[in-house]
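> Below is work.cif; it holds mmCIF, C-alpha atoms.
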```cif
data_work
#
loop_
_atom_site.label_atom_id
_atom_site.label_comp_id
_atom_site.auth_asym_id
_atom_site.auth_seq_id
_atom_site.Cartn_x
_atom_site.Cartn_y
_atom_site.Cartn_z
CA MET A 1 -25.22 -4.35 -16.46
CA ASN A 2 -27.87 -6.29 -18.38
CA PHE A 3 -29.27 -4.18 -21.20
CA LEU A 4 -32.59 -6.08 -21.21
CA ARG A 5 -33.28 -5.17 -17.58
CA LEU A 6 -32.95 -1.42 -18.13
CA PRO A 7 -36.12 0.74 -18.18
CA PHE A 8 -37.73 1.28 -21.56
CA LEU A 9 -36.92 5.00 -21.76
CA VAL A 10 -33.27 4.33 -20.97
CA LYS A 11 -33.03 1.64 -23.66
CA LEU A 12 -34.80 3.92 -26.16
CA THR A 13 -32.39 6.76 -25.37
CA LEU A 14 -29.36 4.52 -25.84
CA VAL A 15 -30.70 3.20 -29.16
CA VAL A 16 -31.41 6.72 -30.48
CA ILE A 17 -27.96 7.97 -29.41
CA SER A 18 -26.33 4.93 -31.04
CA ILE A 19 -28.21 5.51 -34.32
CA ILE A 20 -27.28 9.21 -34.37
CA GLY A 21 -23.63 8.43 -33.61
CA LEU A 22 -23.51 5.70 -36.26
CA GLY A 23 -25.08 8.01 -38.86
CA TYR A 24 -22.56 10.74 -38.03
CA LEU A 25 -19.65 8.32 -38.41
CA LEU A 26 -21.03 7.04 -41.73
CA ALA A 27 -21.34 10.59 -43.09
CA LEU A 28 -17.90 11.52 -41.77
CA GLY A 29 -16.19 8.49 -43.31
CA GLN A 30 -17.95 8.59 -46.69
CA SER A 31 -14.75 8.71 -48.77
CA ILE A 32 -13.46 5.54 -47.07
CA LEU A 33 -16.55 3.55 -46.07
CA ALA A 34 -18.37 3.79 -49.44
CA PRO A 35 -15.54 2.22 -51.52
CA PHE A 36 -14.86 -0.25 -48.69
CA PHE A 37 -18.45 -1.51 -48.67
CA LEU A 38 -18.56 -1.77 -52.47
CA ALA A 39 -15.24 -3.65 -52.39
CA PHE A 40 -16.70 -6.01 -49.78
CA LEU A 41 -19.70 -6.76 -52.03
CA MET A 42 -17.46 -7.37 -55.05
CA ALA A 43 -15.14 -9.55 -52.95
CA MET A 44 -18.12 -11.71 -51.97
CA LEU A 45 -18.99 -12.01 -55.66
CA PHE A 46 -15.44 -13.02 -56.67
CA LEU A 47 -14.85 -15.24 -53.63
CA PRO A 48 -15.91 -18.52 -55.38
CA ALA A 49 -13.55 -17.79 -58.28
CA ALA A 50 -10.65 -17.03 -55.93
CA THR A 51 -11.35 -20.17 -53.89
CA PHE A 52 -11.49 -22.27 -57.07
CA MET A 53 -8.12 -20.95 -58.23
CA GLU A 54 -6.54 -21.70 -54.85
CA ARG A 55 -7.98 -25.18 -54.34
CA ARG A 56 -8.22 -26.55 -57.88
CA LEU A 57 -5.51 -24.68 -59.75
CA ARG A 58 -3.13 -24.50 -56.73
CA PHE A 59 -2.67 -20.75 -57.07
CA PRO A 60 -1.10 -18.88 -54.15
CA ARG A 61 -3.37 -16.48 -52.30
CA SER A 62 -1.67 -13.42 -53.79
CA MET A 63 -1.88 -14.78 -57.35
CA SER A 64 -5.57 -15.66 -57.05
CA THR A 65 -6.26 -12.20 -55.64
CA MET A 66 -4.43 -10.41 -58.44
CA THR A 67 -6.13 -12.61 -61.05
CA SER A 68 -9.52 -11.67 -59.58
CA VAL A 69 -8.55 -8.00 -59.66
CA PHE A 70 -7.44 -8.36 -63.29
CA ILE A 71 -10.77 -9.95 -64.27
CA MET A 72 -12.71 -7.26 -62.40
CA LEU A 73 -10.74 -4.46 -64.08
CA ILE A 74 -11.35 -6.02 -67.50
CA ILE A 75 -15.11 -6.10 -66.82
CA LEU A 76 -15.05 -2.54 -65.49
CA GLY A 77 -13.02 -1.37 -68.46
CA GLY A 78 -15.47 -3.05 -70.84
CA ILE A 79 -18.39 -1.27 -69.22
CA ILE A 80 -16.60 2.09 -69.40
CA TYR A 81 -15.67 1.48 -73.06
CA PHE A 82 -19.26 0.52 -73.88
CA PHE A 83 -20.71 3.68 -72.36
CA THR A 84 -17.99 5.86 -73.90
CA ASN A 85 -18.61 4.40 -77.36
CA GLN A 86 -22.39 4.69 -77.06
CA LEU A 87 -22.23 8.24 -75.72
CA SER A 88 -19.94 9.30 -78.56
CA ASP A 89 -22.55 8.10 -81.06
CA PHE A 90 -25.24 9.80 -79.02
CA SER A 91 -23.38 13.11 -79.14
CA LYS A 92 -23.51 13.03 -82.95
CA ASP A 93 -27.31 13.16 -82.84
CA LEU A 94 -27.43 16.04 -80.37
CA PRO A 95 -28.14 18.63 -83.13
CA HIS A 96 -31.15 16.60 -84.27
CA LEU A 97 -32.35 16.24 -80.69
CA SER A 98 -31.89 19.96 -80.19
CA GLU A 99 -33.99 20.76 -83.29
CA GLN A 100 -36.70 18.36 -82.15
CA PHE A 101 -36.67 19.85 -78.69
CA THR A 102 -36.90 23.37 -80.14
CA THR A 103 -39.92 22.38 -82.21
CA VAL A 104 -41.66 20.84 -79.23
CA PHE A 105 -40.75 23.82 -77.06
CA ASN A 106 -42.21 26.29 -79.55
CA GLY A 107 -45.42 24.30 -79.73
CA LEU A 108 -45.56 24.22 -75.95
CA GLN A 109 -45.06 27.99 -75.83
CA HIS A 110 -48.01 28.62 -78.13
CA TRP A 111 -50.16 26.20 -76.13
CA VAL A 112 -49.28 27.99 -72.88
CA SER A 113 -49.98 31.34 -74.54
CA LYS A 114 -53.44 30.25 -75.70
CA THR A 115 -54.37 28.39 -72.51
CA PHE A 116 -53.03 30.70 -69.77
CA ASN A 117 -52.90 34.01 -71.68
CA VAL A 118 -49.15 34.33 -71.07
CA LYS A 119 -47.41 36.02 -73.99
CA VAL A 120 -44.48 34.31 -75.66
CA ASP A 121 -42.25 37.32 -74.93
CA GLU A 122 -42.97 37.03 -71.20
CA GLN A 123 -42.16 33.31 -71.30
CA VAL A 124 -38.83 34.09 -72.99
CA ASP A 125 -38.07 36.69 -70.30
CA TYR A 126 -38.68 34.09 -67.57
CA ILE A 127 -36.37 31.65 -69.31
CA ASN A 128 -33.67 34.28 -69.81
CA GLN A 129 -33.79 35.17 -66.11
CA GLY A 130 -33.31 31.54 -65.22
CA LEU A 131 -30.41 31.19 -67.68
CA ASN A 132 -28.72 34.29 -66.26
CA LYS A 133 -28.92 32.85 -62.76
CA LEU A 134 -27.55 29.58 -64.04
CA LEU A 135 -24.66 31.22 -65.91
CA SER A 136 -23.81 33.41 -62.92
CA SER A 137 -23.10 30.27 -60.92
CA SER A 138 -20.96 28.69 -63.66
CA GLY A 139 -17.91 28.78 -61.41
CA ALA A 140 -19.70 26.74 -58.81
CA ILE A 141 -20.92 24.33 -61.49
CA LEU A 142 -17.38 23.84 -62.83
CA GLY A 143 -16.07 23.29 -59.33
CA PHE A 144 -18.79 20.75 -58.64
CA THR A 145 -18.05 18.93 -61.91
CA PHE A 146 -14.32 18.82 -61.15
CA GLY A 147 -15.12 17.54 -57.69
CA ILE A 148 -17.22 14.72 -59.13
CA PHE A 149 -14.41 13.59 -61.45
CA SER A 150 -11.72 13.84 -58.78
CA THR A 151 -13.89 12.05 -56.24
CA GLY A 152 -14.76 9.34 -58.76
CA PHE A 153 -11.09 8.73 -59.56
CA GLY A 154 -10.23 8.50 -55.88
CA PHE A 155 -13.24 6.21 -55.33
CA ILE A 156 -11.95 3.74 -57.96
CA ILE A 157 -8.45 3.73 -56.43
CA PHE A 158 -9.72 3.11 -52.89
CA PHE A 159 -12.20 0.53 -54.17
CA THR A 160 -9.46 -1.44 -55.97
CA LEU A 161 -7.13 -1.37 -52.96
CA PHE A 162 -9.86 -2.47 -50.56
CA PHE A 163 -10.88 -5.24 -52.95
CA ILE A 164 -7.30 -6.57 -52.94
CA PHE A 165 -6.98 -6.38 -49.16
CA ILE A 166 -10.33 -8.03 -48.41
CA LEU A 167 -9.67 -10.96 -50.76
CA ASN A 168 -6.08 -11.38 -49.64
CA TYR A 169 -6.76 -11.15 -45.89
CA ARG A 170 -10.23 -12.74 -45.80
CA ARG A 171 -9.08 -15.57 -43.52
CA LEU A 172 -7.56 -13.10 -41.06
CA LEU A 173 -10.78 -11.04 -41.01
CA ASN A 174 -12.87 -14.17 -40.51
CA ASN A 175 -10.71 -15.34 -37.59
CA PHE A 176 -10.94 -11.91 -35.98
CA ILE A 177 -14.74 -11.90 -36.11
CA VAL A 178 -14.89 -15.39 -34.61
CA THR A 179 -12.29 -14.93 -31.86
CA VAL A 180 -13.54 -11.51 -30.74
CA PHE A 181 -16.52 -13.25 -29.07
CA ASN A 182 -16.52 -15.53 -26.06
CA GLU A 183 -15.03 -19.01 -26.52
CA ARG A 184 -18.29 -20.79 -25.72
CA HIS A 185 -20.02 -18.88 -28.56
CA LYS A 186 -17.27 -19.65 -31.09
CA ALA A 187 -19.15 -22.43 -32.91
CA SER A 188 -22.40 -20.47 -33.20
CA VAL A 189 -20.54 -17.31 -34.31
CA GLN A 190 -18.67 -19.26 -36.99
CA GLU A 191 -21.94 -20.76 -38.18
CA ALA A 192 -23.54 -17.31 -38.35
CA VAL A 193 -20.56 -15.86 -40.24
CA ASN A 194 -20.65 -18.69 -42.79
CA GLU A 195 -24.39 -18.31 -43.28
CA ILE A 196 -24.13 -14.54 -43.72
CA ARG A 197 -21.26 -14.98 -46.19
CA ILE A 198 -23.19 -17.51 -48.28
CA MET A 199 -26.43 -15.51 -48.20
CA THR A 200 -24.61 -12.29 -49.09
CA LYS A 201 -22.80 -13.98 -51.99
CA LYS A 202 -26.08 -15.38 -53.33
CA TYR A 203 -27.80 -12.02 -52.96
CA ILE A 204 -25.08 -10.06 -54.77
CA PHE A 205 -24.88 -12.66 -57.54
CA GLY A 206 -28.68 -12.57 -57.87
CA LEU A 207 -28.58 -8.78 -58.01
CA PHE A 208 -26.15 -8.90 -60.94
CA LEU A 209 -28.36 -11.44 -62.69
CA GLN A 210 -31.31 -9.10 -62.16
CA VAL A 211 -29.38 -6.25 -63.79
CA ILE A 212 -28.57 -8.46 -66.80
CA ILE A 213 -32.16 -9.72 -67.18
CA VAL A 214 -33.70 -6.25 -66.94
CA SER A 215 -31.10 -4.86 -69.37
CA VAL A 216 -31.89 -7.59 -71.92
CA LEU A 217 -35.67 -7.20 -71.58
CA THR A 218 -35.46 -3.42 -71.94
CA SER A 219 -33.07 -3.61 -74.91
CA VAL A 220 -35.37 -6.06 -76.70
CA LEU A 221 -38.41 -3.86 -75.99
CA LEU A 222 -36.77 -0.67 -77.26
CA THR A 223 -35.37 -2.48 -80.31
CA ILE A 224 -38.81 -3.78 -81.25
CA LEU A 225 -40.28 -0.29 -80.85
CA GLY A 226 -37.53 1.16 -83.04
CA VAL A 227 -36.06 3.48 -80.38
CA LYS A 228 -32.50 4.59 -81.09
CA TYR A 229 -29.73 3.67 -78.63
CA ALA A 230 -31.82 0.72 -77.41
CA ILE A 231 -28.82 -1.15 -75.97
CA LEU A 232 -27.48 1.94 -74.19
CA LEU A 233 -30.86 2.70 -72.66
CA GLY A 234 -31.36 -0.97 -71.76
CA VAL A 235 -28.05 -1.24 -69.88
CA LEU A 236 -28.71 2.10 -68.18
CA THR A 237 -32.15 0.86 -67.10
CA GLY A 238 -30.65 -2.35 -65.70
CA LEU A 239 -28.10 -0.43 -63.65
CA LEU A 240 -30.58 2.15 -62.39
CA ASN A 241 -33.01 -0.63 -61.50
CA VAL A 242 -30.75 -1.41 -58.54
CA ILE A 243 -32.35 1.68 -56.99
CA PRO A 244 -35.91 0.44 -56.30
CA TYR A 245 -38.85 2.37 -57.78
CA LEU A 246 -36.86 5.59 -58.29
CA GLY A 247 -34.36 4.03 -60.70
CA ILE A 248 -36.96 2.62 -63.09
CA PHE A 249 -38.79 5.97 -63.06
CA ILE A 250 -35.65 7.92 -63.99
CA SER A 251 -34.78 5.49 -66.78
CA LEU A 252 -38.40 5.70 -68.03
CA LEU A 253 -38.16 9.48 -68.34
CA ILE A 254 -34.84 9.25 -70.21
CA SER A 255 -36.14 6.59 -72.60
CA CYS A 256 -39.37 8.49 -73.28
CA PHE A 257 -37.41 11.65 -74.03
CA ILE A 258 -35.14 9.83 -76.50
CA ALA A 259 -38.12 8.07 -78.08
CA PHE A 260 -40.00 11.35 -78.47
CA ALA A 261 -36.97 13.12 -79.95
CA THR A 262 -36.12 10.36 -82.42
CA SER A 263 -39.53 8.83 -83.17
CA THR A 264 -43.24 9.62 -82.82
CA PRO A 265 -45.22 10.63 -79.71
CA SER A 266 -47.14 7.34 -79.84
CA THR A 267 -43.84 5.51 -79.36
CA CYS A 268 -43.46 7.24 -75.98
CA ILE A 269 -46.74 5.73 -74.85
CA TYR A 270 -45.63 2.26 -75.94
CA VAL A 271 -42.29 2.74 -74.17
CA ALA A 272 -44.05 3.75 -70.94
CA LEU A 273 -46.39 0.76 -71.12
CA GLY A 274 -43.46 -1.54 -71.84
CA TYR A 275 -41.51 -0.21 -68.86
CA ILE A 276 -44.50 -0.77 -66.59
CA ALA A 277 -44.76 -4.37 -67.85
CA ILE A 278 -41.01 -4.95 -67.32
CA HIS A 279 -41.23 -3.51 -63.82
CA ALA A 280 -44.14 -5.84 -63.03
CA VAL A 281 -42.22 -8.86 -64.35
CA ASP A 282 -39.11 -7.80 -62.43
CA GLY A 283 -40.94 -7.30 -59.15
CA ASN A 284 -43.11 -10.43 -59.26
CA ILE A 285 -40.99 -12.97 -61.16
CA VAL A 286 -37.33 -11.96 -61.55
CA LEU A 287 -36.73 -10.51 -58.07
CA PRO A 288 -38.25 -13.39 -56.02
CA PHE A 289 -36.75 -16.09 -58.25
CA VAL A 290 -33.26 -14.68 -58.81
CA VAL A 291 -32.58 -12.57 -55.72
CA GLY A 292 -34.72 -14.63 -53.36
CA SER A 293 -37.54 -13.81 -51.00
CA LYS A 294 -35.41 -14.28 -47.86
CA VAL A 295 -33.57 -11.02 -48.46
CA LYS A 296 -36.38 -9.09 -50.13
CA ILE A 297 -36.84 -5.65 -48.57
CA ASN A 298 -40.28 -4.08 -48.30
CA ALA A 299 -41.04 -0.89 -50.19
CA LEU A 300 -41.19 1.34 -47.10
CA PHE A 301 -37.67 0.63 -45.87
CA SER A 302 -36.33 0.51 -49.43
CA PHE A 303 -37.51 4.10 -49.93
CA ILE A 304 -36.21 5.17 -46.50
CA GLY A 305 -32.88 3.52 -47.28
CA ILE A 306 -32.61 5.36 -50.60
CA LEU A 307 -33.22 8.71 -48.91
CA LEU A 308 -30.71 8.00 -46.12
CA GLY A 309 -28.16 6.61 -48.57
CA GLU A 310 -28.38 9.68 -50.79
CA HIS A 311 -28.12 11.97 -47.78
CA LEU A 312 -25.08 10.17 -46.36
CA TRP A 313 -23.11 9.04 -49.43
CA GLY A 314 -24.76 10.71 -52.41
CA ILE A 315 -25.34 8.70 -55.59
CA ALA A 316 -23.13 5.86 -54.35
CA GLY A 317 -25.31 5.60 -51.26
CA MET A 318 -28.44 5.20 -53.39
CA PHE A 319 -26.89 2.14 -55.07
CA LEU A 320 -25.36 0.65 -51.92
CA CYS A 321 -28.25 1.17 -49.50
CA ILE A 322 -30.32 -1.83 -50.65
CA PRO A 323 -27.48 -4.39 -50.34
CA ALA A 324 -26.64 -2.87 -46.95
CA ILE A 325 -30.22 -3.23 -45.72
CA ALA A 326 -30.31 -6.79 -47.09
CA ILE A 327 -27.16 -7.71 -45.13
CA ILE A 328 -28.61 -6.10 -41.98
CA LYS A 329 -31.78 -8.12 -42.51
CA ILE A 330 -29.76 -11.34 -42.84
CA ILE A 331 -27.90 -10.60 -39.59
CA CYS A 332 -31.11 -9.69 -37.75
CA GLU A 333 -32.81 -12.91 -38.85
CA ARG A 334 -29.83 -14.94 -37.57
CA VAL A 335 -29.69 -13.32 -34.11
CA ASP A 336 -32.58 -14.28 -31.83
CA ASP A 337 -32.92 -10.90 -30.12
CA LEU A 338 -32.97 -9.10 -33.50
CA LYS A 339 -35.45 -11.31 -35.36
CA PRO A 340 -38.32 -8.79 -34.98
CA TRP A 341 -36.17 -6.19 -36.78
CA GLY A 342 -35.47 -8.68 -39.56
CA ARG A 343 -39.19 -9.32 -40.01
CA LEU A 344 -39.80 -5.56 -39.99
CA LEU A 345 -37.37 -5.03 -42.88
CA GLY A 346 -38.82 -7.89 -44.94
CA GLU A 347 -42.06 -8.39 -46.77
CA GLU A 348 -45.27 -9.04 -44.87
CA PRO A 349 -45.90 -12.81 -44.79
CA ARG A 350 -48.91 -13.90 -46.75
CA PRO A 351 -51.60 -15.63 -44.71
CA HIS A 352 -51.97 -19.29 -45.48
CA LYS A 353 -55.35 -20.19 -46.87
CA LYS A 354 -57.15 -22.76 -44.83
CA LYS A 355 -58.30 -25.70 -46.82
CA LYS A 356 -61.97 -26.47 -46.71
CA SER A 357 -63.11 -29.69 -45.07
CA TYR A 358 -66.33 -31.54 -45.32
CA LYS A 359 -67.91 -33.42 -42.47
CA ILE A 360 -68.90 -36.92 -43.59
CA SER A 361 -70.14 -38.92 -40.64
CA LYS A 362 -69.04 -40.07 -37.23
CA ASN A 363 -66.93 -36.89 -36.86
CA ILE A 364 -64.64 -37.93 -39.73
CA THR A 365 -63.46 -35.10 -42.01
CA LEU A 366 -61.82 -35.21 -45.41
CA LYS A 367 -59.81 -32.31 -46.76
CA GLU A 368 -60.65 -30.92 -50.10
CA MET A 369 -58.59 -32.51 -52.84
CA ASP A 370 -56.26 -30.16 -54.64
#
```
Please, can you express the file's structure as structure tokens?

Amino acid sequence: MNFLRLPFLVKLTLVVISIIGLGYLLALGQSILAPFFLAFLMAMLFLPAATFMERRLRFPRSMSTMTSVFIMLIILGGIIYFFTNQLSDFSKDLPHLSEQFTTVFNGLQHWVSKTFNVKVDEQVDYINQGLNKLLSSSGAILGFTFGIFSTGFGFIIFFTLFFIFILNYRRLLNNFIVTVFNERHKASVQEAVNEIRIMTKKYIFGLFLQVIIVSVLTSVLLTILGVKYAILLGVLTGLLNVIPYLGIFISLLISCFIAFATSTPSTCIYVALGYIAIHAVDGNIVLPFVVGSKVKINALFSFIGILLGEHLWGIAGMFLCIPAIAIIKIICERVDDLKPWGRLLGEEPRPHKKKKSYKISKNITLKEMD
């Protein structure tokens, strides 16, 4: 049965059922699919290094894979050590931050009392009620915290194992994708697979460069403004910037809070203005140049992807949704029947400006010189 010849309502029903079924399977397999997809992205990033070791250094496939895993674990361990060291220094200043917060909170209480005629005692009662509700659910909070740590540990184990398997059996996976289609489509399928692999590798590498550039720009900005923990906040901003729009807003709030607690209120304004400038530079210069306009996702579907990713896979889904949409966009642009969907996910093309022409004589026109 030809799918294109079916009535519109039938095709729409099949598409909706397929989307619902796919979403259910994604939510059901979160503990396996999330580390698998992240391992796939990291394998694409380390693929050139593994290929270089096999072709130039004559490493066996297993040795090149384990070397790549060793390098990845060193980088991951360095990141964990950096955050652990920075957070330990940050914890030493918690008493000072608490005193500053108490001072600001007392001033806010008096302002609320004068403005809205709400007595300070009543405000304290409201806060105590909220604290009692929070403390009554401490068991649930501890269980949730333990679940996060246990899930994170299992996530790292599954991620490492999938990373090893994907790099080690990449040729087998590639042959399966090619041979699963009809023989007459083998050449075109292989071409599409190679193009998707190259585009995905470039996108992931560009995404990491974007994280580094944003981290450096933010660290320099906060250092110039004299904000404490500038490097920690800069790296955190670069990582959160992977989540479009929402990530930069969360990092802005954190940086403004630290700047207000450790400096003057005017510094918060400068930090906010600096973050807006960095976001403008990132969106108009860094993102098109480093990541590339061919895989740029428009704001509407970026926001929808963030919501769906958080609903399906939690925080991991918020980070992985944009690369997933970018890969879907690459596939849609390569398949003729799916090209409209690829254009829908991308940015709206800018209309080309028509160059002015001047009529000279005898119906001869000359274009305006640039």
> For the atom pair CA of Val290 (chain A) and CA of Ala43 (chain A), what is the interatomic distance in Å to one decimal place?
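Result for CA of Val290 (chain A) versus CA of Ala43 (chain A): 19.7 Å, one decimal.
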> Give me, please, the distance in Å between CA of Glu99 (chain A) and CA of Ser266 (chain A), quoted to one decimal.
19.1 Å
> For each of A:Ile306, A:Ala299, A:Met63, A:Leu38, take the minimum atom-to-atom distance to Glu347 (chain A), counting only C-alpha atoms, then give the residue where this is smallest.
A:Ala299
> CA of Thr115 (chain A) and CA of Cys256 (chain A) are how many Å apart?
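A separation of 24.9 Å between them.
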> For this file, the PyMOL selection byres ((chain A and resi 221) around 10) selects which residues, as a PyMOL selection string?
chain A and resi 215-220+222-227+230-231+234+270-271+274-275+278
> Of the candidates A:Asn168, A:Gly342, A:Ile17, A:Asn194, which one gets nearest to Arg61 (chain A) if we count all atoms listed in the file?
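Closest residue, counting all atoms listed in the file: A:Asn168.
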> Taking into account only C-alpha atoms, which residue in the set A:Gly305, A:Pro35, A:Gly346, A:Gly23 is nearest to Phe163 (chain A)?
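Ranking A:Gly305, A:Pro35, A:Gly346, A:Gly23 by distance to Phe163 (chain A), first place goes to A:Pro35.
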> For Thr84 (chain A), which residue among A:Pro244, A:Ser251, A:Phe155, A:Leu232 is the nearest when counting all atoms listed in the file?
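Among the listed residues, A:Leu232 lies closest to Thr84 (chain A).
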> What does the PyMOL selection byres ((chain A and resi 319-324) around 10) select in this file, as a PyMOL selection string?
chain A and resi 34-35+37-38+41+200+203-204+207+239-244+247+295-297+301-310+313-318+325-330
